[in-house]
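Novice: Sharing a structure with you now.
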Amino acid sequence: MSRAHGLRYRRRRLTDYVARGLGTVATLFGLFWLTWILFGSLSQGLHAINLAIFTQTTPPPGAEGGLANALLGSLMMSFLGVLIGAPVGIAAGSYLAEFAERRPLWRETIRFVNDILLSAPSIVLGLFVYTLAVRSVGHFSGWAGSLALAMIVLPVVVRTTDETLRLVPNVMREAALSLGIPRWKVTVQVLYRAAAPGILTGVLLGLARISGETAPLLFTALNNQYWASSLDSPMASVPVVIFQFAMSPYDNWHELAWAGAFIVTAFVLLLSVGARAFLLRNRVEATS
Amino acid sequence: MSSLTTAAGGIPVDEARIHARAASETRQDAFFRGLLFSAAALVLIVLSAAAASMLWGGRLAFQTFGWNFIFSDEWDAVGGHFGAWVPIYGTLVSSAIAMIIAIPVSFGIALFLTEIAPTWLRGPVGAAIELLAGIPSIIYGMWGLFSFVPLMASSVNPWIDAHLGYLPFVGPLFHGPPLGIGMLTAGIILGIMVIPFISSVMRDVFRTVPAALKESAYALGSTTWEVVWNVVLPYTRSAVLGGIFLGLGRALGETMAVTFVLGNSHQLSASLLMPGNSIAATIANEFTEADSDLYLSSLIGLGFLLFVVTFIVLAIARLMLYNLARKEGR
């Protein structure tokens, strides 16, 4: 064994140490931003939270007020978005997993398109809904906002439904079909029951995703300084109000924006962490 | 006509009723299948209708300006002249900065989560990194504007200007006033945003490498780094590229986070420290202000360009990830 061999060995070891070190540094880098962003916005927002946030409407510059109308608007549009998007998504996901076995090309095309829709820029969907439901009607509305949000929920639910149904063991289908039960009943009464936790997780993740969405609401629901009289009129939402208030030069608007940021972040994180924990618990129960 | 026969166990069976029931169940099945089929078709319709509606909405701008719509840098709302080169350039440059940051960091994180970290640490750290993807983009934007921009303005930008701003060739890129907002800030925030997407794909595909392959390399005396570089990466190459393209697709279309920190300027500037614009930020900022048909059409046309570019990038990403799924025999 020559000296050159030892040198080369040491160089290889050194490279390895450096690579491991850089990997650790990269992870710390990611965690650093997470902590800064999360604790930065949560602590700033916590200071701005008070009862008026939940009872008063968004104020004009310089006046006191809250976010009550925006909270209600967000709640209504998100709820409606899920109500429209989730059933369609569950149906489409069921088709892909259960009813498309004779058309593999068609099935893969839909899966492919759905995956693209899943990552497509949400502002583009906002533009689409603008031409579909704002320009044709002539005014901005809560309905248009809900529709835009539904299009964001849709691919999330399609994907999770498709994946969860494929995880249901084939024995269940065979057992049910051998009893002479029609396929739609097998799907609805047997498979959906087995897949319910996964599908529900998908719906909750979809809800988490749209709760903070801003871009598609900017030119569908627009904004409203007061209580919206109905879903047919422009409607305030927390993210859009955050955008408007944070970009303004007024200090009290900034405070309200931080409060809104706190509510949205806390809600979204609790929802997505809760959904995953729920899924995890049910999976464990299913296997044990 | 109803004929009663007797089944094996002596139970009377009404054959006509059985046939009627079977027929009705077949109808129900067909109806159910049709219902689900139309839901699946709706996914396809949404995507193609979105593309078609934006092409239609942007036709006035495309017809009026032709190729100048893409290559002219004059965006003059008052004079009614719209050239989208500044936002296109801004989108490309901010995404490029994002990828320069996100690719190595994501690779490092994936390396840490699959090879370096002790097993008990992998779950919690992986979940924490994925939490970054759950934070809404408007929060990134607001945090960027109020927390990150002041830091860039007070220390990072002056340092860059003083140390890199006067280098030959690359100097103009880094020369500028310490505004805090601008292309570099937007690129960094975009980079942070796409890290969880890229790193989770990388981690997942690194895990699919058969243990036998890695163990063989270890048995030959390879170090961890050599195993990753010579065995894991070549084995997962296309999927890793797929993950990178997935992150790129996200970065190109990201709206709110960059709208806050880009500065909404339609002046073309070589410096990364100067305010700029991106396609998505232009649409978000100006859409409700668009007062003429041509203005509105130009913004929708911009949306169409963004859609086409992200569609291509995301399609490449999916095809590359699909190859891996097939290789696994799934």
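Here's how to read the names in the structure tokens: chain A, B, ... by the order shown, residue numbers from 1 in each chain, ligand numbers from 1 in the order shown.
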Using only C-alpha atoms, find the residues of chain B whose closest atom to chain A is at most 7 Å away, then write them as a PyMOL selection string.

Specialist: chain B and resi 25+29+32-33+36-37+39-40+43-44+47+50+53-54+105+108-109+111-112+116+129+132+134-136+138-139+142-143+223-225+250+253-256+280+284+288+300+303+307+310-311+314-315

Novice: For those residues, write N, CA and C atoms to a file as a compact mmCIF listing (two decimals), in the first residue's frame.

Specialist:
```txt
# COMPACT_ATOMS: atom_id res chain seq x y z
N GLU B 25 -80.74 -3.26 -12.48
CA GLU B 25 -79.40 -3.06 -11.92
C GLU B 25 -78.39 -2.71 -13.01
N ASP B 29 -76.22 0.61 -13.09
CA ASP B 29 -74.76 0.59 -13.25
C ASP B 29 -74.32 1.50 -14.39
N PHE B 32 -74.65 5.08 -13.31
CA PHE B 32 -73.61 5.44 -12.37
C PHE B 32 -72.27 5.64 -13.09
N ARG B 33 -72.00 4.68 -13.98
CA ARG B 33 -70.75 4.78 -14.74
C ARG B 33 -70.71 6.05 -15.57
N LEU B 36 -69.99 9.08 -13.32
CA LEU B 36 -68.57 9.18 -12.95
C LEU B 36 -67.73 9.57 -14.17
N PHE B 37 -68.11 9.00 -15.33
CA PHE B 37 -67.36 9.31 -16.54
C PHE B 37 -67.42 10.80 -16.84
N ALA B 39 -67.84 13.20 -14.76
CA ALA B 39 -67.03 13.92 -13.78
C ALA B 39 -65.56 13.88 -14.20
N ALA B 40 -65.11 12.70 -14.65
CA ALA B 40 -63.71 12.58 -15.08
C ALA B 40 -63.46 13.44 -16.31
N VAL B 43 -62.66 17.11 -15.69
CA VAL B 43 -61.28 17.49 -15.39
C VAL B 43 -60.58 17.93 -16.67
N LEU B 44 -60.78 17.12 -17.73
CA LEU B 44 -60.17 17.44 -19.02
C LEU B 44 -60.77 18.72 -19.58
N LEU B 47 -59.43 22.00 -17.96
CA LEU B 47 -58.11 22.43 -18.42
C LEU B 47 -58.15 22.97 -19.84
N ALA B 50 -60.04 26.28 -20.01
CA ALA B 50 -59.24 27.38 -19.47
C ALA B 50 -58.29 27.89 -20.54
N SER B 53 -60.33 29.63 -23.37
CA SER B 53 -60.93 30.91 -23.01
C SER B 53 -59.87 32.00 -22.95
N MET B 54 -58.65 31.63 -22.52
CA MET B 54 -57.61 32.66 -22.46
C MET B 54 -57.06 33.01 -23.83
N VAL B 105 -30.20 22.94 -2.40
CA VAL B 105 -30.72 22.80 -1.05
C VAL B 105 -31.64 21.58 -0.95
N GLY B 108 -29.65 18.49 -0.90
CA GLY B 108 -29.05 18.32 0.42
C GLY B 108 -30.06 17.79 1.43
N ILE B 109 -31.27 18.34 1.39
CA ILE B 109 -32.30 17.90 2.33
C ILE B 109 -32.67 16.43 2.08
N LEU B 111 -30.79 14.20 0.71
CA LEU B 111 -29.63 13.42 1.14
C LEU B 111 -29.67 13.22 2.65
N PHE B 112 -29.95 14.33 3.36
CA PHE B 112 -30.01 14.27 4.82
C PHE B 112 -31.11 13.30 5.27
N ILE B 116 -28.17 10.59 5.78
CA ILE B 116 -27.34 11.14 6.87
C ILE B 116 -28.02 11.06 8.23
N ILE B 129 -40.21 20.12 6.95
CA ILE B 129 -39.92 20.70 5.64
C ILE B 129 -41.19 20.75 4.80
N LEU B 132 -43.51 23.71 5.11
CA LEU B 132 -43.22 24.90 4.29
C LEU B 132 -44.16 24.98 3.10
N GLY B 134 -47.17 23.96 3.08
CA GLY B 134 -48.53 24.21 3.50
C GLY B 134 -48.82 25.67 3.79
N ILE B 135 -47.78 26.46 3.98
CA ILE B 135 -47.99 27.88 4.28
C ILE B 135 -48.53 28.58 3.03
N PRO B 136 -49.67 29.27 3.14
CA PRO B 136 -50.24 29.93 1.96
C PRO B 136 -49.28 30.98 1.39
N ILE B 138 -49.71 33.86 0.24
CA ILE B 138 -49.89 35.25 0.66
C ILE B 138 -49.10 35.53 1.94
N ILE B 139 -48.92 34.49 2.77
CA ILE B 139 -48.14 34.66 3.99
C ILE B 139 -46.67 34.86 3.64
N MET B 142 -46.40 38.46 2.51
CA MET B 142 -46.48 39.46 3.57
C MET B 142 -45.22 39.41 4.45
N TRP B 143 -44.81 38.19 4.79
CA TRP B 143 -43.59 38.04 5.57
C TRP B 143 -42.43 38.64 4.78
N THR B 223 -18.02 5.24 0.04
CA THR B 223 -18.51 6.10 1.11
C THR B 223 -19.97 6.45 0.81
N THR B 224 -20.66 7.03 1.80
CA THR B 224 -22.06 7.40 1.61
C THR B 224 -22.21 8.30 0.39
N TRP B 225 -21.33 9.30 0.27
CA TRP B 225 -21.41 10.23 -0.86
C TRP B 225 -21.24 9.51 -2.18
N ARG B 250 -44.06 25.38 -10.44
CA ARG B 250 -44.61 26.14 -9.31
C ARG B 250 -44.04 27.56 -9.29
N GLY B 253 -45.44 30.02 -11.96
CA GLY B 253 -46.82 30.49 -11.84
C GLY B 253 -47.14 31.14 -10.52
N GLU B 254 -46.18 31.17 -9.60
CA GLU B 254 -46.46 31.72 -8.28
C GLU B 254 -46.81 33.21 -8.38
N THR B 255 -47.88 33.58 -7.68
CA THR B 255 -48.39 34.94 -7.84
C THR B 255 -48.17 35.82 -6.61
N MET B 256 -48.83 35.46 -5.52
CA MET B 256 -48.92 36.40 -4.41
C MET B 256 -47.56 36.70 -3.77
N ALA B 280 -47.42 36.74 -13.58
CA ALA B 280 -48.50 36.57 -12.60
C ALA B 280 -48.70 37.85 -11.79
N ALA B 284 -52.08 40.13 -11.42
CA ALA B 284 -52.68 40.36 -10.10
C ALA B 284 -52.79 41.85 -9.79
N THR B 288 -57.76 44.53 -12.18
CA THR B 288 -58.97 45.29 -11.86
C THR B 288 -58.86 46.75 -12.30
N ILE B 300 -55.09 39.06 -20.25
CA ILE B 300 -55.53 37.68 -20.44
C ILE B 300 -54.55 36.95 -21.35
N GLY B 303 -51.82 35.78 -19.38
CA GLY B 303 -52.24 34.57 -18.68
C GLY B 303 -52.11 33.35 -19.58
N PHE B 307 -49.84 30.10 -18.99
CA PHE B 307 -50.45 28.78 -18.99
C PHE B 307 -49.68 27.82 -19.90
N THR B 310 -46.19 26.97 -18.30
CA THR B 310 -46.27 26.05 -17.16
C THR B 310 -46.79 24.69 -17.60
N PHE B 311 -47.71 24.67 -18.58
CA PHE B 311 -48.21 23.38 -19.05
C PHE B 311 -47.06 22.54 -19.59
N LEU B 314 -44.74 21.44 -16.66
CA LEU B 314 -45.36 20.43 -15.81
C LEU B 314 -45.54 19.11 -16.56
N ALA B 315 -45.81 19.20 -17.87
CA ALA B 315 -45.97 17.98 -18.66
C ALA B 315 -44.65 17.21 -18.69
```

Novice: Range 79-82 of chain A: which residues within 9 Å, counting only C-alpha atoms, same-chain residues fewer than 2 positions away excluded, as number ranges by chain?

Specialist: A: 74-77, 84-87, 143, 145-154, 203-204, 206-207, 210

Novice: Would you list the contacts of range 57-73 of chain A as a PyMOL selection string, taking every protein, DNA or RNA residue within 8 Å and counting only C-alpha atoms, but skipping same-chain residues closer than 6 positions in sequence?

Specialist: chain A and resi 142+225-228+235-238+241+250+252-253+256+260

Novice: Enumerate the residues of range 88-164 of chain B with a DSSP assignment of alpha helix (DSSP H), computed from the backbone, and present them as a count of residues only.

Specialist: 58

Novice: Report, in Å to a single decimal, how far apart CA of Phe140 in chain A and CA of Thr220 in chain A are.

Specialist: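 CA of Phe140 in chain A lies at a distance of 5.5 Å from CA of Thr220 in chain A.
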
Novice: With only C-alpha atoms as the basis for distance, which of B:Ser271, B:Ser278, B:Asp293, B:Ala162 is at the shortest distance from Leu306 in chain B?

Specialist: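 Checking each of B:Ser271, B:Ser278, B:Asp293, B:Ala162 against Leu306 in chain B, counting only C-alpha atoms, the winner is B:Ser278.
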
Novice: What lies within 10 Å of Val228 in chain B using only C-alpha atoms, ignoring chain neighbours under 2 positions off, as JSON, numbers by chain?

Specialist: {"B": [111, 114, 115, 206, 214, 217, 222, 223, 224, 225, 226, 230, 231, 232, 233, 234, 235]}

Novice: Write a file of the just-selected residues containing all heavy atoms, as a compact mmCIF listing (two decimals), in the first residue's frame.

Specialist:
```txt
# COMPACT_ATOMS: atom_id res chain seq x y z
N LEU B 111 -30.79 14.20 0.71
CA LEU B 111 -29.63 13.42 1.14
C LEU B 111 -29.67 13.22 2.65
O LEU B 111 -29.49 12.12 3.17
CB LEU B 111 -28.36 14.18 0.74
CG LEU B 111 -27.01 13.52 0.94
CD1 LEU B 111 -26.90 12.34 0.02
CD2 LEU B 111 -25.89 14.52 0.64
N THR B 114 -32.47 10.78 3.70
CA THR B 114 -32.41 9.38 3.33
C THR B 114 -31.12 8.70 3.78
O THR B 114 -31.10 7.50 3.98
CB THR B 114 -32.53 9.19 1.80
OG1 THR B 114 -31.59 10.05 1.16
CG2 THR B 114 -33.93 9.54 1.33
N GLU B 115 -30.03 9.48 3.92
CA GLU B 115 -28.75 8.82 4.21
C GLU B 115 -28.07 9.31 5.49
O GLU B 115 -27.42 8.53 6.18
CB GLU B 115 -27.77 9.03 3.03
CG GLU B 115 -28.30 8.57 1.69
CD GLU B 115 -28.41 7.05 1.59
OE1 GLU B 115 -27.72 6.36 2.36
OE2 GLU B 115 -29.19 6.56 0.76
N PHE B 206 -35.46 8.68 -3.94
CA PHE B 206 -34.24 8.08 -3.39
C PHE B 206 -34.57 6.82 -2.62
O PHE B 206 -33.80 5.87 -2.59
CB PHE B 206 -33.51 9.07 -2.47
CG PHE B 206 -32.77 10.16 -3.20
CD1 PHE B 206 -32.79 10.21 -4.58
CD2 PHE B 206 -32.05 11.12 -2.51
CE1 PHE B 206 -32.12 11.20 -5.28
CE2 PHE B 206 -31.37 12.12 -3.19
CZ PHE B 206 -31.41 12.16 -4.58
N LYS B 214 -27.53 -0.45 -3.31
CA LYS B 214 -26.74 0.40 -2.41
C LYS B 214 -25.78 -0.44 -1.58
O LYS B 214 -24.61 -0.10 -1.41
CB LYS B 214 -27.69 1.21 -1.50
CG LYS B 214 -28.46 2.28 -2.22
CD LYS B 214 -28.94 3.36 -1.28
CE LYS B 214 -30.18 2.93 -0.53
NZ LYS B 214 -30.69 3.99 0.34
N ALA B 217 -22.69 -1.46 -3.36
CA ALA B 217 -21.69 -0.39 -3.45
C ALA B 217 -20.98 -0.20 -2.11
O ALA B 217 -19.75 -0.04 -2.07
CB ALA B 217 -22.35 0.91 -3.89
N SER B 222 -17.50 1.79 -0.83
CA SER B 222 -17.88 3.17 -1.17
C SER B 222 -18.27 3.94 0.08
O SER B 222 -18.77 3.37 1.05
CB SER B 222 -19.07 3.17 -2.12
OG SER B 222 -18.75 2.50 -3.29
N THR B 223 -18.02 5.24 0.04
CA THR B 223 -18.51 6.10 1.11
C THR B 223 -19.97 6.45 0.81
O THR B 223 -20.47 6.19 -0.29
CB THR B 223 -17.70 7.40 1.17
OG1 THR B 223 -17.83 8.08 -0.08
CG2 THR B 223 -16.24 7.13 1.45
N THR B 224 -20.66 7.03 1.80
CA THR B 224 -22.06 7.40 1.61
C THR B 224 -22.21 8.30 0.39
O THR B 224 -23.09 8.11 -0.46
CB THR B 224 -22.57 8.16 2.85
OG1 THR B 224 -22.38 7.34 3.98
CG2 THR B 224 -24.03 8.51 2.71
N TRP B 225 -21.33 9.30 0.27
CA TRP B 225 -21.41 10.23 -0.86
C TRP B 225 -21.24 9.51 -2.18
O TRP B 225 -21.96 9.77 -3.14
CB TRP B 225 -20.35 11.31 -0.69
CG TRP B 225 -20.21 12.17 -1.92
CD1 TRP B 225 -19.17 12.22 -2.78
CD2 TRP B 225 -21.19 13.08 -2.42
NE1 TRP B 225 -19.42 13.10 -3.79
CE2 TRP B 225 -20.66 13.65 -3.59
CE3 TRP B 225 -22.47 13.47 -2.00
CZ2 TRP B 225 -21.36 14.59 -4.34
CZ3 TRP B 225 -23.16 14.40 -2.75
CH2 TRP B 225 -22.60 14.96 -3.90
N GLU B 226 -20.30 8.57 -2.23
CA GLU B 226 -20.07 7.84 -3.48
C GLU B 226 -21.28 6.99 -3.85
O GLU B 226 -21.63 6.86 -5.03
CB GLU B 226 -18.81 6.97 -3.37
CG GLU B 226 -17.53 7.80 -3.46
CD GLU B 226 -16.31 7.08 -2.96
OE1 GLU B 226 -16.43 6.00 -2.36
OE2 GLU B 226 -15.20 7.60 -3.16
N ASN B 230 -22.93 7.90 -7.30
CA ASN B 230 -22.70 6.93 -8.37
C ASN B 230 -23.78 5.87 -8.50
O ASN B 230 -23.86 5.20 -9.52
CB ASN B 230 -21.35 6.22 -8.15
CG ASN B 230 -20.18 7.19 -8.17
OD1 ASN B 230 -20.18 8.14 -8.93
ND2 ASN B 230 -19.23 6.96 -7.29
N VAL B 231 -24.60 5.69 -7.47
CA VAL B 231 -25.63 4.66 -7.55
C VAL B 231 -27.03 5.28 -7.49
O VAL B 231 -27.84 5.09 -8.38
CB VAL B 231 -25.47 3.62 -6.41
CG1 VAL B 231 -26.59 2.60 -6.48
CG2 VAL B 231 -24.12 2.94 -6.52
N VAL B 232 -27.28 6.04 -6.43
CA VAL B 232 -28.64 6.55 -6.22
C VAL B 232 -29.04 7.53 -7.32
O VAL B 232 -30.09 7.42 -7.94
CB VAL B 232 -28.76 7.20 -4.83
CG1 VAL B 232 -30.11 7.88 -4.66
CG2 VAL B 232 -28.55 6.16 -3.74
N LEU B 233 -28.18 8.52 -7.58
CA LEU B 233 -28.54 9.56 -8.56
C LEU B 233 -28.71 9.00 -9.97
O LEU B 233 -29.70 9.30 -10.63
CB LEU B 233 -27.51 10.68 -8.55
CG LEU B 233 -27.90 11.95 -7.79
CD1 LEU B 233 -26.88 13.04 -8.05
CD2 LEU B 233 -29.28 12.43 -8.17
N PRO B 234 -27.77 8.19 -10.47
CA PRO B 234 -27.99 7.63 -11.81
C PRO B 234 -29.27 6.81 -11.90
O PRO B 234 -29.98 6.85 -12.90
CB PRO B 234 -26.76 6.74 -12.04
CG PRO B 234 -25.72 7.29 -11.14
CD PRO B 234 -26.44 7.84 -9.95
N TYR B 235 -29.59 6.08 -10.82
CA TYR B 235 -30.78 5.24 -10.83
C TYR B 235 -32.05 6.07 -10.90
O TYR B 235 -33.04 5.66 -11.50
CB TYR B 235 -30.79 4.36 -9.57
CG TYR B 235 -31.88 3.32 -9.55
CD1 TYR B 235 -31.71 2.11 -10.19
CD2 TYR B 235 -33.09 3.57 -8.90
CE1 TYR B 235 -32.71 1.16 -10.19
CE2 TYR B 235 -34.09 2.63 -8.89
CZ TYR B 235 -33.89 1.42 -9.54
OH TYR B 235 -34.90 0.48 -9.53
```

Novice: Just the residues within 12 Å of Ile88 in chain B, please, counting only C-alpha atoms, with nothing from its chain fewer than 5 positions along; format it as number ranges by chain.

Specialist: B: 69-73, 75, 83, 93-95, 252-253, 266, 268, 276-283, 302-303, 305-306, 309

Novice: Could you save those same residues with N, CA, C and O atoms as a short mmCIF file (atom, residue, chain, number, x, y, z; two decimals), in the first residue's frame?

Specialist:
```
data_model
loop_
_atom_site.label_atom_id
_atom_site.label_comp_id
_atom_site.auth_asym_id
_atom_site.auth_seq_id
_atom_site.Cartn_x
_atom_site.Cartn_y
_atom_site.Cartn_z
N PHE B 69 -45.92 41.55 -29.00
CA PHE B 69 -46.54 41.36 -27.69
C PHE B 69 -45.56 40.65 -26.75
O PHE B 69 -45.51 40.94 -25.56
N ILE B 70 -44.76 39.74 -27.31
CA ILE B 70 -43.79 39.02 -26.49
C ILE B 70 -42.47 39.78 -26.39
O ILE B 70 -41.87 39.86 -25.33
N PHE B 71 -42.02 40.38 -27.50
CA PHE B 71 -40.64 40.86 -27.53
C PHE B 71 -40.49 42.36 -27.30
O PHE B 71 -39.38 42.86 -27.19
N SER B 72 -41.60 43.09 -27.24
CA SER B 72 -41.46 44.52 -26.96
C SER B 72 -41.48 44.76 -25.46
O SER B 72 -42.22 44.11 -24.72
N ASP B 73 -40.63 45.69 -25.00
CA ASP B 73 -40.59 45.94 -23.56
C ASP B 73 -41.35 47.21 -23.20
O ASP B 73 -41.20 47.74 -22.10
N TRP B 75 -44.59 48.80 -22.06
CA TRP B 75 -45.92 48.49 -21.47
C TRP B 75 -46.50 49.82 -21.04
O TRP B 75 -46.20 50.33 -19.97
N GLY B 83 -46.37 45.54 -24.57
CA GLY B 83 -45.36 44.54 -24.90
C GLY B 83 -44.96 43.86 -23.60
O GLY B 83 -44.69 44.52 -22.61
N VAL B 93 -36.26 35.20 -14.95
CA VAL B 93 -35.11 35.46 -14.09
C VAL B 93 -35.41 35.09 -12.64
O VAL B 93 -34.60 34.41 -11.98
N SER B 94 -36.59 35.48 -12.13
CA SER B 94 -36.87 35.15 -10.72
C SER B 94 -36.96 33.64 -10.54
O SER B 94 -36.50 33.10 -9.54
N SER B 95 -37.54 32.93 -11.52
CA SER B 95 -37.59 31.47 -11.42
C SER B 95 -36.19 30.86 -11.49
O SER B 95 -35.91 29.87 -10.81
N LEU B 252 -42.75 29.37 -11.69
CA LEU B 252 -43.17 30.21 -12.81
C LEU B 252 -44.54 30.81 -12.57
O LEU B 252 -44.80 31.96 -12.91
N GLY B 253 -45.44 30.02 -11.96
CA GLY B 253 -46.82 30.49 -11.84
C GLY B 253 -47.14 31.14 -10.52
O GLY B 253 -48.26 31.59 -10.30
N HIS B 266 -42.36 48.40 -14.75
CA HIS B 266 -42.26 47.94 -16.13
C HIS B 266 -41.02 48.47 -16.83
O HIS B 266 -40.96 48.58 -18.04
N LEU B 268 -37.28 47.83 -17.83
CA LEU B 268 -36.32 46.74 -17.96
C LEU B 268 -35.00 47.17 -17.34
O LEU B 268 -34.50 48.25 -17.61
N GLY B 276 -38.81 44.78 -10.54
CA GLY B 276 -39.16 44.23 -11.84
C GLY B 276 -40.62 43.84 -11.84
O GLY B 276 -41.42 44.42 -11.10
N ASN B 277 -40.96 42.84 -12.63
CA ASN B 277 -42.33 42.39 -12.69
C ASN B 277 -42.33 40.94 -13.14
O ASN B 277 -41.32 40.45 -13.65
N SER B 278 -43.42 40.27 -12.92
CA SER B 278 -43.55 38.93 -13.49
C SER B 278 -44.94 38.83 -14.10
O SER B 278 -45.79 39.69 -13.86
N ILE B 279 -45.14 37.80 -14.91
CA ILE B 279 -46.43 37.67 -15.59
C ILE B 279 -47.56 37.64 -14.58
O ILE B 279 -48.52 38.41 -14.64
N ALA B 280 -47.42 36.74 -13.58
CA ALA B 280 -48.50 36.57 -12.60
C ALA B 280 -48.70 37.85 -11.79
O ALA B 280 -49.84 38.25 -11.52
N ALA B 281 -47.60 38.52 -11.42
CA ALA B 281 -47.72 39.74 -10.61
C ALA B 281 -48.39 40.85 -11.41
O ALA B 281 -49.19 41.62 -10.88
N THR B 282 -48.05 40.95 -12.71
CA THR B 282 -48.69 41.96 -13.54
C THR B 282 -50.20 41.75 -13.59
O THR B 282 -50.98 42.70 -13.42
N ILE B 283 -50.61 40.50 -13.80
CA ILE B 283 -52.05 40.22 -13.86
C ILE B 283 -52.70 40.57 -12.52
O ILE B 283 -53.73 41.25 -12.47
N LEU B 302 -51.38 37.52 -21.50
CA LEU B 302 -50.27 37.17 -20.62
C LEU B 302 -50.57 35.88 -19.87
O LEU B 302 -49.71 35.00 -19.73
N GLY B 303 -51.82 35.78 -19.38
CA GLY B 303 -52.24 34.57 -18.68
C GLY B 303 -52.11 33.35 -19.58
O GLY B 303 -51.67 32.29 -19.15
N LEU B 305 -49.98 32.97 -22.10
CA LEU B 305 -48.55 32.64 -22.23
C LEU B 305 -48.08 31.86 -21.00
O LEU B 305 -47.39 30.84 -21.11
N LEU B 306 -48.46 32.35 -19.81
CA LEU B 306 -48.07 31.68 -18.57
C LEU B 306 -48.60 30.25 -18.55
O LEU B 306 -47.88 29.31 -18.18
N VAL B 309 -46.56 28.00 -20.95
CA VAL B 309 -45.22 27.68 -20.45
C VAL B 309 -45.30 26.70 -19.28
O VAL B 309 -44.60 25.68 -19.26
#
```

Novice: Neighbouring residues of range 241-245 of chain B were defined as those with any atom within 12 Å, considering only C-alpha atoms; residues of the same chain fewer than 3 positions away were excluded. Please report them as a VMD selection string.

Specialist: (chain A and resid 116 119) or (chain B and resid 95 to 96 98 to 107 110 191 194 to 206 233 to 238 248 to 252 309 to 325)

Novice: Contacts of range 64-68 of chain B at 12 Å or less, counting only C-alpha atoms, minus same-chain residues fewer than 5 places along, as an MDAnalysis selection string?

Specialist: chainID B and resid 58:59 73:75 80:85 293:295 297:298 301

Novice: Between CA of Ala277 in chain A and CA of Ser137 in chain B, what distance in Å does the model show, to one decimal?

Specialist: 23.1 Å

Novice: Rank nothing, just name the residue among A:Asn223, A:Ser43, A:Ser141, A:Ser78 nearest to Phe245 in chain A, using only C-alpha atoms.

Specialist: A:Asn223
